[in-house]
Protein chains: 4
Amino acid sequence: MTEHTPTLSVGMIGYAFMGAVHSQAWRTAPHFFDLPLRPRMTAVCGRDARRVAEAAATLGWEESETDWRRVVERDDIDLVDICTPGDTHAEIAIAALAAGKHVLCEKPLANSVEEAEAMAEAAQEAAGRGVRAMVGFTYRRVPAIALARRLVAEGRLGEIRHVRAQYLQDWLADPEIPLSWRLDKAKAGSGALGDIGAHVVDLTQHILGDPIREVSGQLDTFVKERPLAERTRGLSATVADTATVERGPVTVDDAAAFIARFAGGALGVFEATRFATGRKNAIRIEVNGSQGSLAFDFEDMNVLHFHDATIDDLEGGFRRIVVTEPGHPWVGAWWPPGHGLGYEHGFTHQVVDLVQAIADGVDPSPTFADGLQVQRVLAAVETSSDTRAWQAVSA
Amino acid sequence: MTEHTPTLSVGMIGYAFMGAVHSQAWRTAPHFFDLPLRPRMTAVCGRDARRVAEAAATLGWEESETDWRRVVERDDIDLVDICTPGDTHAEIAIAALAAGKHVLCEKPLANSVEEAEAMAEAAQEAAGRGVRAMVGFTYRRVPAIALARRLVAEGRLGEIRHVRAQYLQDWLADPEIPLSWRLDKAKAGSGALGDIGAHVVDLTQHILGDPIREVSGQLDTFVKERPLAERTRGLSATVADTATVERGPVTVDDAAAFIARFAGGALGVFEATRFATGRKNAIRIEVNGSQGSLAFDFEDMNVLHFHDATIDDLEGGFRRIVVTEPGHPWVGAWWPPGHGLGYEHGFTHQVVDLVQAIADGVDPSPTFADGLQVQRVLAAVETSSDTRAWQAVSA
Amino acid sequence: MTEHTPTLSVGMIGYAFMGAVHSQAWRTAPHFFDLPLRPRMTAVCGRDARRVAEAAATLGWEESETDWRRVVERDDIDLVDICTPGDTHAEIAIAALAAGKHVLCEKPLANSVEEAEAMAEAAQEAAGRGVRAMVGFTYRRVPAIALARRLVAEGRLGEIRHVRAQYLQDWLADPEIPLSWRLDKAKAGSGALGDIGAHVVDLTQHILGDPIREVSGQLDTFVKERPLAERTRGLSATVADTATVERGPVTVDDAAAFIARFAGGALGVFEATRFATGRKNAIRIEVNGSQGSLAFDFEDMNVLHFHDATIDDLEGGFRRIVVTEPGHPWVGAWWPPGHGLGYEHGFTHQVVDLVQAIADGVDPSPTFADGLQVQRVLAAVETSSDTRAWQAVSA
Amino acid sequence: MTEHTPTLSVGMIGYAFMGAVHSQAWRTAPHFFDLPLRPRMTAVCGRDARRVAEAAATLGWEESETDWRRVVERDDIDLVDICTPGDTHAEIAIAALAAGKHVLCEKPLANSVEEAEAMAEAAQEAAGRGVRAMVGFTYRRVPAIALARRLVAEGRLGEIRHVRAQYLQDWLADPEIPLSWRLDKAKAGSGALGDIGAHVVDLTQHILGDPIREVSGQLDTFVKERPLAERTRGLSATVADTATVERGPVTVDDAAAFIARFAGGALGVFEATRFATGRKNAIRIEVNGSQGSLAFDFEDMNVLHFHDATIDDLEGGFRRIVVTEPGHPWVGAWWPPGHGLGYEHGFTHQVVDLVQAIADGVDPSPTFADGLQVQRVLAAVETSSDTRAWQAVSA
């Protein structure tokens with residue numbers, strides 16, 4: 001960037017957990033990457049005027065707004081970054097695209113396939129006008145994941161036979177953890193399946209470059225009632241009282257498990273749960289091909305395990321690749337080998353690639369269509385869980 | 001044992017891979033454990049007179065026989081140890097029990113539920129006469145597995161929510177590996193599902209102390225034709241020729257994946273495959289409960305990972321228990337801490353417990369009824385794969 | 001922070017690798033931590049006017065300077081952050097402290113004990129005037145390291161018997177890697193010993209809360225001549241030519257190994273090398289006490305392994321603590337459990353604690369006296385390597 | 001073996017821990033390997049007639065003897081296997097060799113360099129008469145170690161720079177563990193250094209094919225007095241009483257640490273201790289060369305980690321080789337891939353190679369000269385610990 005680098009003015013809707021990470025990405029990207037557009041953190045938006053003003057100060061936004069429509073309408077905003085719960089995505093994104101704003105939308109794309117379809121349609125139409133839309137499956141931009149995709153694309157694994165993927169957390173294992181919007185179907189749309197299962201669906205399809213065609217699955221709600229919380233904060237919430245506390249229903253799934261068939265023939269096994277005691281954010285993906293295998297665990301996010309079956313059996317084995325070499329995706333901009341990256345770096349890479357795509361006039365990836373396809377897989381899992389039979393993913 | 005210890009005379013049918021491990025167990029057990037009966041390795045049986053005689057010499061059996069009926073009939077044989085392919089188990093075991101011989105039968109118990117039912121019935125009838133029957137799910141007697149079962153039984157994991165279990169091998173990943181009896185449905189009854197999937201079905205039910213009630217699964221045969229081998233040896237075989245070699249059909253599954261529901265409510269996810277490149281004998285089991293979790297991988301068989309969720313989060317984590325302390329199951333008879341056991345030790349423990357049960361006049365575990373239950377789970381998986389819907393396990 | 005939060009104006013000397021990380025820390029800290037003073041990134045200083053101006057733009061500094069004396073003299077600078085090679089630390093730091101500026105000085109504190117002594121003296125004198133000095137042993141502020149120290153301080157390990165610590169890199173294993181300032185004794189003062197060995201000396205003393213009293217060591221220079229580089233960049237450099245390239249002498253150690261005795265009686269074994277092929281930035285520390293043990297590896301920086309020997313042997317083992325809980329040091333300000341931190345976060349924590357100490361009017365830790373003590377250990381290792389005998393650490 | 005295979009008649013002196021493992025090896029080897037001589041377990045010898053008779057029955061020896069001289073003199077004994085404490089090795093071994101018996105002697109070869117020299121001399125003289133002598137550094141015959149040696153010998157690691165080796169146990173960490181012969185200098189000769197340090201000295205020299213030339217080390221006795229035990233058993237012992245128990249001095253080292261220089265220039269760092277809480281039998285060896293590295297830990301004994309630095313950095317990393325392929329040393333005689341071996345298998349391999357060498361009329365490896373060289377390294381460490389300076393290894 002130079003002083004002549006044109007500006008990309010950003011307005012962000014929502015300022016909780018996702019808003020904080022997105023803000024760090026917008027602030028950080030220009031200092032490590034040579035961006036073709038200079039992001040300007042123009043405004044952050046939330047319903048509570050005092051709290052959103054505080055957030056603006058803390059997170060580094062110039063101004064705050066209390067109505068997302070106002071952000072969408074402002075002439076001095078080029079891009080709308082949507083960090084709200086899933087029930088609001090469709091309305092905001094479609095309005096923003098209609099108003100000619102580029103959109104970065106957190107995942108899941110929407111709370112229903114119908115909404116996601118409308119969004120993907122809007123994005124396609126907007127693309128014709130040079131307006132770009134991207135859905136925030138940020139884990140794609142963990143360097144180890146990008147390396148995994150590259151190895152598969154280069155044919156290093158041969159024909160893909162097996163995918164096993166789990167997203168394991170444990171923050172709901174305790175039945176006294178209170179209710180929050182993430183446990184309310186009206187707000188969150190889905191539980192473990194949509195919140196975290198969506199990530200492993202997207203990641204495996206991304207790594208394989210191959211979509212899931214049908215599924216057979218099961219959703220579960222282990223703890224059907226939980227204490228009402230006075231006020232939620234972060235991922236969990238605080239309990240108002242202890243034993244005689246009022247309780248409300250959990251309306252989403254606590255866990256999901258499903259078998260899947262990829263278009264290319266690979267057999268997938270998936271799990272998403274918030275009840276895997278001791279696993280904090282274990283996104284675990286294994287791929288077995290005729291010529292090699294991969295294994296990844298986000299709890300050790302700078303490492304990819306790669307088995308090259310073309311190496312003599314006597315010295316073959318899973319290689320622990322520390323994905324911190326200058327030649328690894330995005331890593332050259334950061335630190336020397338062995339100086340690992342953290343959770344938030346994927347968000348910075350997302351900003352980098354989005355800004356580049358906008359400048360280049362091409363669609364960023366993952367597109368809303370990608371988000372819609374994930375949504376369709378999730379919907380098929382839900383249907384399958386109801387019908388207790390295999391379910392094709394709609395196309 | 002003293003010079004007055006009574007003898008238990010053993011006749012073994014089959015002398016390939018399983019016969020070799022069983023022989024090592026019969027030879028070794030009396031030197032490390034104080035057995036109430038002294039095993040005598042009286043006769044080994046196979047169809048080829050010259051080769052079985054060689055095997056008797058190599059494996060340490062006094063005599064050789066060429067007709068299993070002769071072994072069953074001999075008055076000087078107390079126990080018949082069945083190490084043949086699954087298609088012969090029922091006939092031999094039922095005849096042996098009828099003749100008043102105790103039976104140790106390799107898994108899977110049989111090649112069909114019908115056969116397994118007949119065997120379980122015969123075993124139950126024989127038990128009334130003081131004749132004992134055991135099925136060889138030896139992995140139960142890996143000390144780390146026994147510790148896992150103990151921790152679950154003691155309630156250390158709380159309410160069990162999730163089981164994920166995989167048995168991963170890779171010896172069929174290469175499509176040029178030739179046919180062998182293990183790929184022939186008539187002989188083997190089943191492929192990865194029955195050969196190795198049976199183990200993880202048995203192990204998880206054993207660890208949980210809870211049976212699987214219904215399943216939804218998928219079988220796959222990735223490589224549908226393979227070269228004919230002139231002669232098989234060990235697990236694989238040697239190819240007669242290279243390119244123009246004659247090929248025959250693979251009539252069993254290469255891989256199986258299924259979701260399961262345990263009686264107690266836990267949600268299970270299972271996989272068995274011989275196509276997981278780089279995984280040699282990876283029996284991997286994880287159990288998540290409301291108060292703790294377990295993880296095991298046979299590729300590191302002397303270790304059990306245990307997460308105790310009742311420990312303060314700030315210092316909690318999966319504990320790598322090296323299961324080689326004198327107080328761990330069976331370990332006191334072997335070496336000091338940290339001096340690990342190998343694959344064959346489970347078979348020695350199996351002999352120890354079987355001999356003890358016979359001397360005590362009680363049924364050894366796992367019983368033929370346990371073997372039948374596993375068979376029913378496998379059959380339900382096969383049915384489910386055909387009907388593409390959930391299938392209850394018959395009871 | 002509010003709009004009334006007073007400012008802390010920072011001038012940074014040097015803008016290479018360390019300058020980039022420090023800049024990220026100064027930029028980031030106020031957005032995640034509630035600081036009592038608002039850091040202002042007033043000026044960055046380097047000798048090449050064009051390049052330092054570019055650095056200012058890239059790294060986020062308001063102005064650039066080309067003479068460090070000017071930075072030290074400016075009235076609008078409150079704190080001088082020294083990120084230059086070790087040969088310049090003493091002069092700059094002493095001048096800055098004399099001018100009433102707080103100082104953050106990269107490690108090693110200096111290139112000789114004499115310089116370090118002068119600096120520690122200057123810091124002590126300055127403290128009397130309310131002027132603070134801190135040396136940048138940032139790895140102390142990796143949360144897993146802070147947890148390690150806490151466990152030792154709480155007596156959880158009992159009496160400490162053994163410390164083994166290695167800092168392993170491999171970027172010099174190839175003899176064709178060219179010369180750079182880090183291989184020049186005049187500039188760097190020391191090789192692996194001072195550059196990376198210093199970190200494990202500081203970390204182990206910090207975790208134990210106990211200083212090293214004597215050492216017996218050996219320095220090595222495996223590759224005595226290397227190609228001259230036209231221009232260095234980052235950690236390594238680019239070669240001007242290939243075979244007939246001019247070569248120059250390596251005047252520092254490639255590797256160091258030493259045994260040490262801590263004041264409290266623990267026996268230490270240390271290694272620092274840039275020739276450990278395959279190890280990228282492996283800071284590995286193990287501590288064995290009578291009641292427990294710890295193990296850490298920076299290549300998996302969000303994890304601390306802790307063995308509590310007071311737990312029953314039958315279920316004891318090294319616990320893999322994922323140090324990302326809200327209650328872990330500094331972690332509450334970042335992301336939910338399992339969302340790991342990266343290399344640069346320790347630098348942000350360093351800024352946070354330095355700013356807090358300045359506001360509180362107390363000495364930040366590690367002090368220049370701590371840096372001097374490390375320097376004395378390194379000097380004792382060098383002397384020991386020359387005399388080939390044990391050497392006491394001067395006090 | 002056939003019925004015409006000539007016999008090798010063995011007499012074993014000592015029947016405690018080592019005697020039990022040796023017995024298992026003599027019993028097992030002929031069943032898995034095609035030996036040119038058929039071992040006959042003729043007699044076991046111990047001082048207590050009743051107990052040695054029991055041991056003969058348990059361990060599988062035909063007869064028992066109470067005077068080792070009688071075993072050495074018996075015409076029907078071809079080989080004497082010495083499993084007694086180190087103070088008796090020299091006398092027995094020299095007498096046996098003089099009597100024309102082949103000798104397998106447990107390590108350490110002797111309790112002093114002088115004794116070891118006499119033994120090596122006797123062995124050299126005996127070799128002229130076709131009488132063979134071998135010292136029992138069995139860990140050499142763990143397949144992963146043999147693979148490590150092969151990789152180094154093939155030049156796969158390039159020029160060796162670093163060796164770091166630790167033998168970590170924790171069975172003395174508790175100061176109330178009572179005295180036993182292993183803590184008595186008169187019997188054991190040495191503590192951690194000779195008992196377990198000897199193994200890592202031998203292993204690293206074996207893997208490198210390069211001897212240690214000089215050392216600088218430190219011995220430590222952390223717990224100087226311990227309760228007297230009424231009677232010792234196995235590795236530890238039982239306490240007679242609790243608090244007012246009589247105590248005696250520990251006359252050997254609890255731990256040893258030393259730096260070493262190999263003849264070829266590699267820099268070694270060694271540790272041996274019985275105070276590393278949580279480490280049960282951790283023989284950990286790492287080798288760093290200019291083109292690759294190795295890492296091994298006996299707590300995961302079927303695995304060797306190998307980093308091949310000639311592979312592109314972007315996909316390089318330590319490869320976890322599961323050393324259970326048929327082509328790995330000795331493994332073809334055992335089980336299929338992934339079915340791991342245990343502690344005792346190295347002893348079986350030792351018997352196999354010894355019997356083969358005797359049949360071939362060549363010296364088995366490791367020779368008594370190898371054992372003497374290890375002894376000289378240990379002596380140099382002791383001297384260095386006294387003089388507090390580097391000490392050359394005598395040649």
# chains A, B, ... in the order shown; residues from 1 in each chain; ligands from 1
$ residues_around --residues "stretch 23-37 of chain B" --least-positions-apart "4" --cutoff "7 Å" --atoms "only C-alpha atoms" --output "list in words"
Met1, Thr5, Pro6, Thr7, Leu8, Gly19, Leu59, Ala333, Trp334, Phe347, Thr348, Val351, Val352, Val355, Gln356 and Ala359 of chain B; Thr58 and Leu59 of chain D
$ residues_around --residues "D:Pro336" --least-positions-apart "6" --cutoff "12 Å" --atoms "only C-alpha atoms" --output "ChimeraX atom specification"
/B:17-18,20-21,169-171,233-236,280-281,343-344 /D:322-328
$ closest_residue --among "C:Val303, C:Val103, C:Ile358, C:Ala55" --to "chain B" --atoms "only C-alpha atoms"
C:Val303
$ select_by_dssp --residues "stretch 120-303 of chain A" --states "strand (DSSP E)" --output "JSON, numbers by chain"
{"A": [133, 134, 135, 136, 160, 161, 162, 163, 164, 165, 166, 167, 168, 212, 213, 214, 215, 216, 217, 218, 219, 220, 225, 226, 227, 229, 230, 231, 232, 237, 238, 239, 247, 248, 249, 255, 256, 257, 258, 259, 260, 261, 262, 267, 268, 269, 270, 271, 272, 273, 282, 283, 284, 285, 286, 287, 288, 289, 292, 293, 294, 295, 296, 297, 303]}
$ closest_atom_pairs --of "chain C" --to "chain B" --cutoff "6 Å" --atoms "only C-alpha atoms" --output "tab-separated table"
residue	atom	partner	partner_atom	distance
C:Glu315	CA	B:Ile321	CA	5.9
C:Gly316	CA	B:Ile321	CA	5.7
C:Gly317	CA	B:Ile321	CA	4.5
C:Phe318	CA	B:Arg319	CA	5.2
C:Arg319	CA	B:Arg319	CA	3.9
C:Arg320	CA	B:Gly317	CA	4.8
C:Ile321	CA	B:Gly317	CA	4.5
$ residues_around --residues "A:Gly346" --least-positions-apart "4" --cutoff "12 Å" --atoms "only C-alpha atoms" --output "ChimeraX atom specification"
/A:21-22,24-26,28-29,136-146,298,301-302,329-331,341-342,350-353 /C:339-342
$ select_by_dssp --residues "stretch 69-280 of chain B" --states "helix (DSSP H, G or I)" --output "PyMOL selection string"
chain B and resi 69-73+86-98+113-128+138-141+143-153+181-183+185-188+192-208
$ residues_around --residues "B:Thr387" --least-positions-apart "5" --cutoff "10 Å" --atoms "only C-alpha atoms" --output "PyMOL selection string"
(chain A and resi 389-390) or (chain B and resi 216-218+381-382)
$ closest_residue --among "C:Arg213, C:Arg376, C:Arg156, C:Arg226" --to "C:Thr310" --atoms "only C-alpha atoms"
C:Arg156
$ residues_around --residues "A:Asn288" --least-positions-apart "3" --cutoff "8 Å" --atoms "only C-alpha atoms" --output "number ranges by chain"
A: 157, 160-163, 292-294; B: 275-277
$ residues_around --residues "D:Lys187" --least-positions-apart "3" --cutoff "8 Å" --atoms "only C-alpha atoms" --output "count of residues only"
6
$ closest_residue --among "C:Asp360, C:Glu91, C:Asp78, C:Glu114" --to "C:Ala379" --atoms "only C-alpha atoms"
C:Glu114
$ residues_around --residues "A:Val113" --least-positions-apart "3" --cutoff "8 Å" --atoms "only C-alpha atoms" --output "PyMOL selection string"
chain A and resi 110+116-117+372+375-376+379
